[in-house]
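As provided, run00.cif (mmCIF, C-alpha atoms) reads as follows.
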data_upload
loop_
_atom_site.label_atom_id
_atom_site.label_comp_id
_atom_site.auth_asym_id
_atom_site.auth_seq_id
_atom_site.Cartn_x
_atom_site.Cartn_y
_atom_site.Cartn_z
CA MET E 1 108.84 67.30 122.35
CA GLY E 2 108.77 66.25 118.70
CA ILE E 3 108.23 68.68 115.86
CA ASN E 4 105.16 68.19 113.68
CA TYR E 5 105.09 69.02 109.98
CA ASP E 6 102.23 69.39 107.52
CA LYS E 7 102.25 67.87 104.01
CA SER E 8 104.22 70.81 102.60
CA GLY E 9 106.95 70.43 105.23
CA ARG E 10 105.83 73.46 107.29
CA VAL E 11 106.53 73.30 111.03
CA ILE E 12 103.18 73.33 112.85
CA PHE E 13 102.65 75.34 116.04
CA THR E 14 100.96 72.77 118.27
CA LYS E 15 98.85 73.02 121.42
CA GLN E 16 101.78 71.63 123.41
CA MET E 17 104.01 74.41 122.05
CA LYS E 18 101.56 77.02 123.32
CA LYS E 19 102.34 75.85 126.86
CA THR E 20 106.13 75.87 126.58
CA TYR E 21 107.18 78.17 123.72
CA LYS E 22 108.01 81.89 123.73
CA LEU E 23 106.14 83.77 121.00
CA LEU E 24 108.09 86.68 119.44
CA ILE E 25 106.13 89.60 117.94
CA PRO E 26 107.64 92.28 115.64
CA ASN E 27 106.85 95.79 116.86
CA MET E 28 105.11 97.73 114.06
CA LEU E 29 102.86 99.99 116.17
CA PRO E 30 104.34 100.49 119.66
CA ILE E 31 101.05 101.27 121.45
CA HIS E 32 98.77 98.95 119.49
CA PHE E 33 101.09 95.95 119.59
CA GLU E 34 101.68 96.35 123.33
CA LEU E 35 97.93 95.95 123.75
CA ILE E 36 97.90 92.94 121.41
CA LYS E 37 100.74 91.37 123.40
CA ASN E 38 98.70 91.83 126.59
CA ILE E 39 95.68 90.14 124.98
CA LEU E 40 97.74 87.14 123.93
CA GLN E 41 99.31 86.87 127.37
CA GLN E 42 95.85 86.78 128.96
CA ARG E 43 95.05 83.88 126.63
CA GLY E 44 97.97 81.83 127.86
CA TYR E 45 100.70 82.72 125.37
CA ASP E 46 104.18 83.60 126.59
CA CYS E 47 104.90 86.64 124.39
CA ASP E 48 107.69 89.11 123.88
CA LEU E 49 107.36 92.27 121.80
CA LEU E 50 110.63 92.86 119.95
CA LYS E 51 111.85 96.43 120.51
CA SER E 52 115.42 95.93 119.28
CA ASN E 53 116.74 98.68 117.03
CA ASN E 54 120.33 98.11 115.95
CA THR E 55 122.38 97.90 112.77
CA ASN E 56 122.69 94.13 113.11
CA ILE E 57 119.00 93.78 112.20
CA VAL E 58 119.60 95.09 108.67
CA LYS E 59 122.75 92.95 108.44
CA MET E 60 120.85 89.79 109.40
CA GLY E 61 118.16 90.61 106.86
CA LEU E 62 120.63 91.17 104.04
CA GLN E 63 122.51 87.99 104.88
CA ASN E 64 119.47 85.74 104.84
CA ILE E 65 117.14 87.05 102.11
CA HIS E 66 117.65 88.59 98.67
CA ASN E 67 118.69 92.24 98.85
CA ASP E 68 115.98 93.17 96.32
CA THR E 69 113.33 92.11 98.83
CA CYS E 70 111.30 95.05 100.12
CA TYR E 71 112.65 96.82 103.18
CA PRO E 72 109.85 95.92 105.64
CA CYS E 73 110.35 92.21 104.93
CA LEU E 74 114.10 92.57 105.30
CA LEU E 75 113.65 94.27 108.69
CA VAL E 76 111.06 91.81 110.04
CA VAL E 77 113.19 88.82 109.03
CA GLY E 78 116.35 90.51 110.27
CA GLN E 79 114.79 91.37 113.63
CA PHE E 80 113.59 87.80 114.16
CA ILE E 81 116.97 86.24 113.30
CA ASP E 82 118.82 88.88 115.36
CA ALA E 83 116.60 87.91 118.32
CA LEU E 84 117.25 84.18 117.83
CA LYS E 85 120.99 84.79 117.69
CA SER E 86 121.01 87.18 120.67
CA GLY E 87 121.15 84.42 123.29
CA LYS E 88 118.08 85.85 125.02
CA TYR E 89 115.78 83.16 123.62
CA ASP E 90 116.06 79.39 123.30
CA PRO E 91 115.62 78.66 119.55
CA ASN E 92 114.25 75.24 120.49
CA LYS E 93 111.46 76.84 122.53
CA THR E 94 110.66 79.90 120.41
CA ALA E 95 108.00 80.60 117.76
CA LEU E 96 107.54 83.65 115.54
CA PHE E 97 104.28 85.58 115.18
CA ILE E 98 103.57 87.37 111.88
CA THR E 99 100.46 88.81 110.23
CA GLN E 100 99.46 88.01 106.66
CA THR E 101 96.95 89.94 104.55
CA GLY E 102 96.97 87.57 101.59
CA GLY E 103 96.78 90.51 99.18
CA GLY E 104 98.65 91.14 95.92
CA CYS E 105 101.80 92.46 97.56
CA ARG E 106 105.21 91.10 98.45
CA ALA E 107 103.97 91.25 102.06
CA SER E 108 102.01 88.07 101.32
CA ASN E 109 105.35 86.35 100.71
CA TYR E 110 106.95 87.47 103.99
CA ILE E 111 106.05 84.25 105.74
CA HIS E 112 107.62 82.08 103.02
CA LEU E 113 110.72 84.27 102.82
CA LEU E 114 110.98 84.12 106.61
CA ARG E 115 110.92 80.32 106.61
CA LYS E 116 113.54 80.23 103.87
CA ALA E 117 115.71 82.66 105.85
CA LEU E 118 115.31 80.62 109.04
CA LYS E 119 116.51 77.54 107.21
CA LYS E 120 119.54 79.42 105.87
CA ALA E 121 120.34 80.85 109.31
CA GLY E 122 120.18 77.41 110.94
CA TYR E 123 116.71 77.58 112.50
CA PRO E 124 114.47 75.45 110.23
CA HIS E 125 112.73 73.99 113.30
CA VAL E 126 111.39 77.34 114.55
CA PRO E 127 107.58 77.55 113.96
CA VAL E 128 106.13 80.59 112.21
CA VAL E 129 102.56 81.43 113.25
CA SER E 130 100.55 83.13 110.52
CA VAL E 131 97.82 85.44 111.80
CA ASN E 132 95.30 86.04 109.02
CA LEU E 133 91.58 86.15 108.26
CA ALA E 134 91.94 84.52 104.84
CA GLY E 135 92.45 80.96 106.08
CA LEU E 136 95.94 80.85 104.53
CA GLU E 137 97.52 78.68 107.23
CA LYS E 138 96.22 76.94 110.33
CA ASN E 139 97.98 75.99 113.56
CA PRO E 140 96.36 73.93 116.36
CA GLY E 141 98.18 76.06 118.95
CA PHE E 142 96.81 79.36 117.62
CA LYS E 143 93.25 79.83 116.42
CA MET E 144 91.43 82.99 115.41
CA SER E 145 88.19 82.73 117.39
CA LEU E 146 85.42 85.33 117.22
CA SER E 147 86.19 86.54 120.75
CA LEU E 148 89.89 86.92 119.91
CA ILE E 149 89.05 88.87 116.75
CA LYS E 150 86.87 91.23 118.79
CA GLN E 151 89.63 91.75 121.33
CA LEU E 152 92.21 92.42 118.63
CA VAL E 153 89.86 94.93 117.00
CA SER E 154 89.44 96.68 120.35
CA ALA E 155 93.24 96.82 120.76
CA LEU E 156 93.58 98.49 117.36
CA ILE E 157 90.90 101.11 118.03
CA TYR E 158 92.23 101.81 121.54
CA GLY E 159 95.70 102.13 120.02
CA ASP E 160 94.39 104.59 117.41
CA MET E 161 92.80 106.73 120.11
CA LEU E 162 95.88 106.75 122.36
CA MET E 163 98.16 107.53 119.42
CA LEU E 164 95.92 110.36 118.21
CA LEU E 165 95.50 111.98 121.64
CA GLU E 166 99.19 111.61 122.44
CA ASN E 167 100.17 113.34 119.18
CA GLN E 168 97.69 116.17 119.78
CA THR E 169 98.80 116.71 123.39
CA LYS E 170 102.55 116.01 123.55
CA PRO E 171 103.72 119.10 121.56
CA TYR E 172 101.84 121.42 123.92
CA GLU E 173 102.27 119.81 127.35
CA VAL E 174 103.52 122.13 130.10
CA ILE E 175 105.08 119.35 132.19
CA LYS E 176 107.19 117.22 129.88
CA GLY E 177 106.46 113.51 130.00
CA THR E 178 102.88 113.85 131.28
CA THR E 179 101.37 112.70 127.98
CA GLU E 180 103.53 109.59 127.76
CA GLN E 181 102.70 108.75 131.37
CA THR E 182 98.99 108.99 130.54
CA THR E 183 99.45 106.66 127.58
CA LYS E 184 101.37 104.17 129.71
CA HIS E 185 98.67 104.34 132.39
CA TRP E 186 95.95 103.44 129.89
CA VAL E 187 97.94 100.64 128.28
CA GLU E 188 98.34 99.09 131.74
CA LYS E 189 94.71 99.70 132.68
CA LEU E 190 93.44 98.09 129.48
CA ALA E 191 95.76 95.13 130.08
CA CYS E 192 93.99 94.55 133.40
CA GLN E 193 90.59 94.81 131.74
CA TYR E 194 91.50 92.13 129.21
CA LYS E 195 91.60 89.64 132.07
CA SER E 196 87.81 89.66 131.83
CA SER E 197 86.33 88.27 128.63
CA ASN E 198 83.50 90.83 128.80
CA GLU E 199 85.66 93.95 128.81
CA PHE E 200 85.74 94.56 125.06
CA GLY E 201 82.04 95.05 124.32
CA LYS E 202 80.77 98.32 122.84
CA LYS E 203 79.33 99.55 126.16
CA VAL E 204 82.62 99.17 128.01
CA MET E 205 84.59 100.55 125.06
CA THR E 206 82.38 103.64 124.93
CA GLN E 207 82.99 104.26 128.62
CA ASN E 208 86.73 103.75 128.15
CA PHE E 209 86.82 106.10 125.16
CA ASN E 210 85.17 108.86 127.20
CA ASN E 211 87.50 108.31 130.16
CA ILE E 212 90.59 108.26 127.95
CA VAL E 213 89.60 111.53 126.29
CA SER E 214 88.90 113.06 129.70
CA ASP E 215 92.34 112.08 131.04
CA TYR E 216 94.18 113.60 128.08
CA ALA E 217 91.98 116.71 128.25
CA ASN E 218 93.07 117.20 131.87
CA ILE E 219 96.75 117.40 130.90
CA GLN E 220 98.01 120.96 131.32
CA ILE E 221 98.94 122.37 127.92
CA ASN E 222 99.98 125.62 126.29
CA LYS E 223 98.16 125.53 122.95
CA THR E 224 100.41 127.73 120.83
CA PRO E 225 99.97 127.45 117.03
CA LYS E 226 102.31 124.90 115.43
CA VAL E 227 102.99 123.46 112.00
CA LYS E 228 101.15 120.17 111.45
CA VAL E 229 102.95 117.36 109.64
CA GLY E 230 101.24 114.16 108.54
CA ILE E 231 102.86 110.77 108.05
CA VAL E 232 101.55 108.35 105.42
CA GLY E 233 103.04 105.55 103.34
CA GLU E 234 103.55 101.80 103.25
CA ILE E 235 101.97 100.46 106.41
CA TYR E 236 105.10 99.08 108.12
CA VAL E 237 107.40 102.00 107.26
CA LYS E 238 104.65 104.45 108.14
CA TYR E 239 104.28 103.18 111.71
CA SER E 240 107.44 101.32 112.72
CA PRO E 241 110.16 103.38 114.46
CA LEU E 242 112.65 100.71 113.36
CA ALA E 243 111.71 101.14 109.69
CA ASN E 244 111.37 104.93 109.53
CA ASN E 245 114.33 105.84 111.75
CA ASN E 246 112.10 107.14 114.57
CA LEU E 247 110.39 109.59 112.21
CA SER E 248 107.70 110.60 114.70
CA ASP E 249 110.29 111.49 117.39
CA PHE E 250 112.34 113.40 114.81
CA LEU E 251 109.32 115.50 113.84
CA HIS E 252 108.38 116.13 117.49
CA ASN E 253 111.92 117.42 118.05
CA GLU E 254 111.40 119.80 115.13
CA ASN E 255 108.61 121.43 117.20
CA VAL E 256 105.69 120.39 115.01
CA GLU E 257 102.44 118.54 115.69
CA VAL E 258 102.56 115.07 114.17
CA VAL E 259 99.40 113.63 112.59
CA ILE E 260 99.33 109.89 111.85
CA PRO E 261 96.18 108.28 110.39
CA GLY E 262 95.07 105.28 112.43
CA ILE E 263 95.34 101.60 111.54
CA MET E 264 91.58 100.99 111.66
CA ASP E 265 91.10 102.68 108.30
CA PHE E 266 93.50 100.15 106.79
CA ILE E 267 91.66 97.23 108.39
CA ILE E 268 88.29 98.48 107.11
CA PHE E 269 89.93 99.15 103.72
CA LYS E 270 91.02 95.49 103.46
CA VAL E 271 87.48 94.30 104.24
CA ASP E 272 85.98 96.87 101.86
CA ASN E 273 88.30 95.57 99.10
CA ARG E 274 86.61 92.19 99.21
CA ILE E 275 83.21 93.83 98.77
CA VAL E 276 84.44 95.98 95.87
CA ASP E 277 86.01 92.92 94.19
CA ILE E 278 82.66 91.15 94.16
CA ASP E 279 80.86 94.28 92.95
CA ILE E 280 83.32 94.70 90.05
CA TYR E 281 84.18 91.12 89.09
CA GLY E 282 81.35 89.09 90.60
CA GLY E 283 81.58 86.42 93.27
CA SER E 284 79.84 84.86 96.25
CA LYS E 285 76.88 86.82 97.60
CA LEU E 286 77.34 85.11 100.95
CA LYS E 287 80.97 86.22 101.15
CA ARG E 288 79.90 89.76 100.28
CA LEU E 289 77.25 89.73 103.02
CA ILE E 290 79.73 88.48 105.63
CA CYS E 291 82.29 91.12 104.64
CA TYR E 292 79.61 93.81 104.65
CA LYS E 293 78.49 92.85 108.17
CA PHE E 294 82.08 92.79 109.43
CA LYS E 295 82.76 96.17 107.82
CA LYS E 296 79.70 97.68 109.52
CA TYR E 297 80.85 96.25 112.85
CA LEU E 298 84.27 97.88 112.44
CA GLU E 299 82.79 101.17 111.30
CA GLY E 300 80.37 101.15 114.23
CA ILE E 301 83.24 100.95 116.73
CA GLN E 302 85.22 103.57 114.79
CA ASN E 303 82.23 105.95 114.89
CA ILE E 304 81.91 105.56 118.69
CA PHE E 305 85.61 106.48 118.95
CA ILE E 306 85.12 109.53 116.69
CA ASP E 307 82.03 110.67 118.62
CA SER E 308 83.97 110.51 121.91
CA ILE E 309 86.62 112.81 120.46
CA LYS E 310 84.00 115.22 119.07
CA LYS E 311 82.20 115.54 122.41
CA SER E 312 85.34 116.76 124.14
CA ASN E 313 85.71 119.88 121.95
CA LYS E 314 89.42 119.82 122.81
CA PHE E 315 90.77 117.49 120.16
CA SER E 316 90.46 117.11 116.39
CA PRO E 317 88.64 113.88 115.51
CA PRO E 318 89.62 111.79 112.48
CA SER E 319 87.21 111.37 109.60
CA SER E 320 85.18 108.20 109.22
CA PHE E 321 86.22 105.59 106.67
CA GLU E 322 83.26 106.39 104.42
CA THR E 323 84.15 110.11 104.43
CA ILE E 324 87.73 109.31 103.45
CA LYS E 325 86.53 106.97 100.72
CA LYS E 326 84.14 109.60 99.36
CA ASN E 327 86.83 112.31 99.33
CA VAL E 328 89.18 110.25 97.14
CA LYS E 329 86.59 109.33 94.52
CA SER E 330 87.62 112.07 92.05
CA TYR E 331 91.32 111.16 92.36
CA ILE E 332 91.62 107.40 91.94
CA GLY E 333 89.44 104.32 91.40
CA TYR E 334 88.39 101.99 94.21
CA GLY E 335 89.83 99.07 92.25
CA ALA E 336 93.35 100.34 93.06
CA LYS E 337 93.95 98.10 96.07
CA MET E 338 97.51 96.77 95.84
CA GLY E 339 99.73 97.73 98.74
CA GLU E 340 97.85 100.49 100.56
CA GLY E 341 95.89 101.19 97.36
CA TRP E 342 93.61 104.19 97.10
CA LEU E 343 93.71 104.56 100.90
CA LEU E 344 97.22 106.06 100.78
CA THR E 345 96.02 108.75 98.39
CA ALA E 346 92.90 109.25 100.51
CA GLU E 347 94.94 109.73 103.69
CA MET E 348 96.93 112.53 102.07
CA ILE E 349 93.72 114.25 100.99
CA GLU E 350 92.24 113.85 104.48
CA LEU E 351 95.36 115.36 106.06
CA ILE E 352 95.21 118.35 103.73
CA LYS E 353 91.53 118.93 104.50
CA ASP E 354 92.30 118.77 108.25
CA GLY E 355 95.03 121.42 108.02
CA ALA E 356 98.04 119.07 107.91
CA GLU E 357 99.02 119.91 104.34
CA ASN E 358 102.67 119.14 105.10
CA ILE E 359 103.14 115.42 104.54
CA VAL E 360 105.93 112.86 104.68
CA CYS E 361 105.13 109.89 102.42
CA ALA E 362 107.36 107.12 103.74
CA GLN E 363 107.83 104.21 101.37
CA PRO E 364 110.23 101.33 100.84
CA PHE E 365 112.42 101.76 97.78
CA GLY E 366 111.02 99.64 94.96
CA CYS E 367 107.56 99.25 96.50
CA LEU E 368 105.73 99.58 93.19
CA PRO E 369 102.14 99.91 94.50
CA ASN E 370 103.10 102.70 96.87
CA HIS E 371 105.15 104.52 94.27
CA ILE E 372 101.98 104.62 92.16
CA VAL E 373 99.36 105.51 94.78
CA GLY E 374 101.83 107.60 96.80
CA LYS E 375 104.51 109.38 94.80
CA GLY E 376 102.57 108.88 91.56
CA MET E 377 99.55 110.78 92.92
CA VAL E 378 101.44 113.80 94.30
CA ARG E 379 101.07 115.93 91.17
CA GLN E 380 97.31 115.35 90.94
CA ILE E 381 96.92 116.10 94.65
CA THR E 382 98.96 119.31 94.47
CA ASN E 383 97.15 120.43 91.31
CA LYS E 384 93.86 120.31 93.21
CA ASN E 385 95.36 121.43 96.54
CA PRO E 386 98.07 124.08 95.82
CA MET E 387 99.03 124.39 99.50
CA ALA E 388 99.95 120.70 99.71
CA ASN E 389 103.60 120.32 100.72
CA ILE E 390 104.52 116.66 100.22
CA VAL E 391 107.90 114.96 100.38
CA CYS E 392 108.28 111.30 99.40
CA VAL E 393 111.11 109.60 101.26
CA ASP E 394 112.53 106.18 100.38
CA TYR E 395 113.60 103.82 103.16
CA ASP E 396 115.96 100.96 102.37
CA PRO E 397 119.29 99.51 103.56
CA GLY E 398 121.30 101.90 101.39
CA ALA E 399 119.49 105.10 102.40
CA THR E 400 121.19 107.15 105.10
CA LYS E 401 119.27 108.68 107.98
CA VAL E 402 121.03 112.01 107.39
CA ASN E 403 119.86 112.18 103.79
CA GLN E 404 116.29 111.26 104.75
CA GLU E 405 116.15 113.87 107.51
CA ASN E 406 117.68 116.56 105.28
CA ARG E 407 114.94 116.00 102.70
CA ILE E 408 112.32 116.25 105.42
CA LYS E 409 113.93 119.42 106.78
CA LEU E 410 113.62 121.04 103.34
CA MET E 411 109.90 120.28 103.43
CA LEU E 412 109.70 121.65 106.98
CA ALA E 413 111.49 124.86 105.94
CA THR E 414 108.77 125.49 103.35
CA ALA E 415 106.07 124.56 105.87
CA LYS E 416 107.40 126.94 108.54
CA GLU E 417 107.86 129.79 106.04
CA ARG E 418 104.25 129.46 104.88
CA PHE E 419 103.10 129.12 108.48
CA ASN E 420 104.92 132.31 109.56
CA ASN E 421 103.69 134.26 106.55
CA LYS E 422 100.11 133.20 107.24
CA ASN E 423 100.31 134.16 110.95
CA ASN E 424 101.97 137.51 110.18
CA THR E 425 99.19 138.32 107.73
CA ILE E 426 96.41 137.62 110.23
#
What do you get writing this file as structure tokens?
Amino acid sequence: MGINYDKSGRVIFTKQMKKTYKLLIPNMLPIHFELIKNILQQRGYDCDLLKSNNTNIVKMGLQNIHNDTCYPCLLVVGQFIDALKSGKYDPNKTALFITQTGGGCRASNYIHLLRKALKKAGYPHVPVVSVNLAGLEKNPGFKMSLSLIKQLVSALIYGDMLMLLENQTKPYEVIKGTTEQTTKHWVEKLACQYKSSNEFGKKVMTQNFNNIVSDYANIQINKTPKVKVGIVGEIYVKYSPLANNNLSDFLHNENVEVVIPGIMDFIIFKVDNRIVDIDIYGGSKLKRLICYKFKKYLEGIQNIFIDSIKKSNKFSPPSSFETIKKNVKSYIGYGAKMGEGWLLTAEMIELIKDGAENIVCAQPFGCLPNHIVGKGMVRQITNKNPMANIVCVDYDPGATKVNQENRIKLMLATAKERFNNKNNTI
């Protein structure tokens, strides 16, 4: 099979490649991306979700891109090249799957840095499939249809629910492993449902939400009071166990309840940005209307998810996007959209309001937007919320896991001291 190139010299992922190529996916959100992989498999793609976590990944990243490149990019590139060199995949029959937001962040350059790195590593013929809603790149073998977008949205909201319920149940389960088994059961059940093109409508999703909540509510728990610790930060480092050195597992082992804001808020935030841009700077009214309709669609599904949690009376529901946006208004302007923008600040405020005032802000070293809306906002947040206990932790090739965990342990020591003092007073 010949390789096709566009006018810029980019390798195109063709319809013929869809039939014969393996598609590699980096694993940012373990639950969510497992669901996405299942969706793509049902649509005829041969996919593999990369779960490798070894020191060679960082080495491959450093060898093939500039060491000043942000840590998430270094890891994604390193993981792809490590996989191609592993012998597990045929480089002549493998393509790489990567998302692109198109925003004002180095993340928008990942795809170009990846292609440059592939050329340096000896794999210039490997296609890179850009998944984006901005029309940045097109490939005949992978198209973003309306039905696919709806399925991907459903995977993200299901992933948010499973992640939230798992985090609220796992620290209290009587029989260890029951929560993870429930999560695995639902990932497999949803995979079967995706075989039918009609299984991602609102009616079916509402029924699934209720059944998921019911299954987690039936897990036997011992609800003893625990310290709550939230995780925020740059989107990849916030969620990826590879990037944050298994931060969630580390915190679970410290006997705390972990609270991680879902990915849907970020997706709605990116759509909302386009509306705010037009409101501030002007632009196409048609584009604004389309973005507004899409935002309302996303918020509608998110509200069904929140309502299902509320009805159970056993779990703490997340706040809606509009509530989060309203809460941050007195802290930072809505025009602050680079990186995670005002949403990062908003997530910290939401966590504090929900009783998770102990927060790890995970950010790549040198990620300027996140140092501004994350670390740069800590003083203002703590001035208005004196009980806020926030530690900002940098993640990069030179940072040691021991140093990162020691900084987090200092935060936890303060959290547990306050927690014990509060309980002894009651």
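Here atom CA of E:Ile65 is placed at a distance of 20.1 Å from atom CA of E:Glu234.
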Determine, counting only C-alpha atoms, every residue of protein, DNA or RNA that lies within 12 Å of (111.3, 79.0, 117.6) in the file coordinates, then give the result as a VMD selection string. chain E and resid 3 11 to 13 17 to 18 20 to 25 80 to 81 83 to 85 89 to 97 115 118 to 119 122 to 129
Just the number, please: distance in Å from atom CA of E:Ser145 to atom CA of E:Asn211, one decimal. 28.6 Å
Applying the PyMOL selection byres ((chain E and resi 249-251) around 12) to the file I just gave you, which residues come out? Please list them as an MDAnalysis selection string. chainID E and resid 167 170:171 226:231 239:242 244:248 252:260 358:360 401:402 404:406 408:409 411:412
Atom CA of E:Leu29 to atom CA of E:Val276, straight-line distance in Å: 27.7 Å
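The residue that comes closest to E:Lys353, out of E:Asn132, E:Asn385, E:Asn370, E:Gln380 and on the basis of all atoms listed in the file, is E:Asn385.
Residue membership of the PyMOL selection byres ((chain E and resi 419) around 12) in the shown file amounts to Pro225, Lys226, Val227, Lys228, Val229, Val256, Gly355, Ala356, Glu357, Asn358, Met387, Asn389, Leu412, Ala413, Thr414, Ala415, Lys416, Glu417, Arg418, Asn420, Asn421, Lys422, Asn423, Asn424, Thr425 and Ile426 of chain E.
Proximity to E:Ser86 was assessed for E:Ile306, E:Ile149, E:Val237, E:Leu50 counting only C-alpha atoms; the smallest distance is recorded for E:Leu50.
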Given the file shown, determine the residues that the PyMOL selection byres ((chain E and resi 31) around 8) selects; report them as a PDB file with C-alpha atoms, keeping the file's coordinate frame.
ATOM      1  CA  LEU E  29     102.860  99.990 116.170  1.00  0.00           C
ATOM      2  CA  PRO E  30     104.340 100.490 119.660  1.00  0.00           C
ATOM      3  CA  HIS E  32      98.770  98.950 119.490  1.00  0.00           C
ATOM      4  CA  PHE E  33     101.090  95.950 119.590  1.00  0.00           C
ATOM      5  CA  GLU E  34     101.680  96.350 123.330  1.00  0.00           C
ATOM      6  CA  LEU E  35      97.930  95.950 123.750  1.00  0.00           C
ATOM      7  CA  GLY E 159      95.700 102.130 120.020  1.00  0.00           C
ATOM      8  CA  LEU E 162      95.880 106.750 122.360  1.00  0.00           C
ATOM      9  CA  MET E 163      98.160 107.530 119.420  1.00  0.00           C
ATOM     10  CA  VAL E 187      97.940 100.640 128.280  1.00  0.00           C
TER      11      VAL E 187
END
Pick out the closest residue to E:Leu344 from this set: E:Gln363, E:Asn27, E:Thr55, E:Gln100. Count only C-alpha atoms. E:Gln363
Counting only C-alpha atoms, closest pick from E:Phe321, E:Trp342, E:Asn222, E:Asn67 relative to E:Tyr172 is E:Asn222
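Look at everything within 9 Å of (91.6, 107.6, 128.7) using all atoms listed in the file, and the residues you get are Met161, Leu162, Thr182, Thr183, His185, Trp186, Asn208, Phe209, Asn210, Asn211, Ile212, Val213, Ser214, Asp215 and Tyr216 of chain E.
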E:Gly333 environment, 12 Å, all atoms listed in the file, sequence neighbours closer than 4 positions dropped, as a PyMOL selection string: chain E and resi 273+276+280+325-329+337-338+341-343+345-346+373
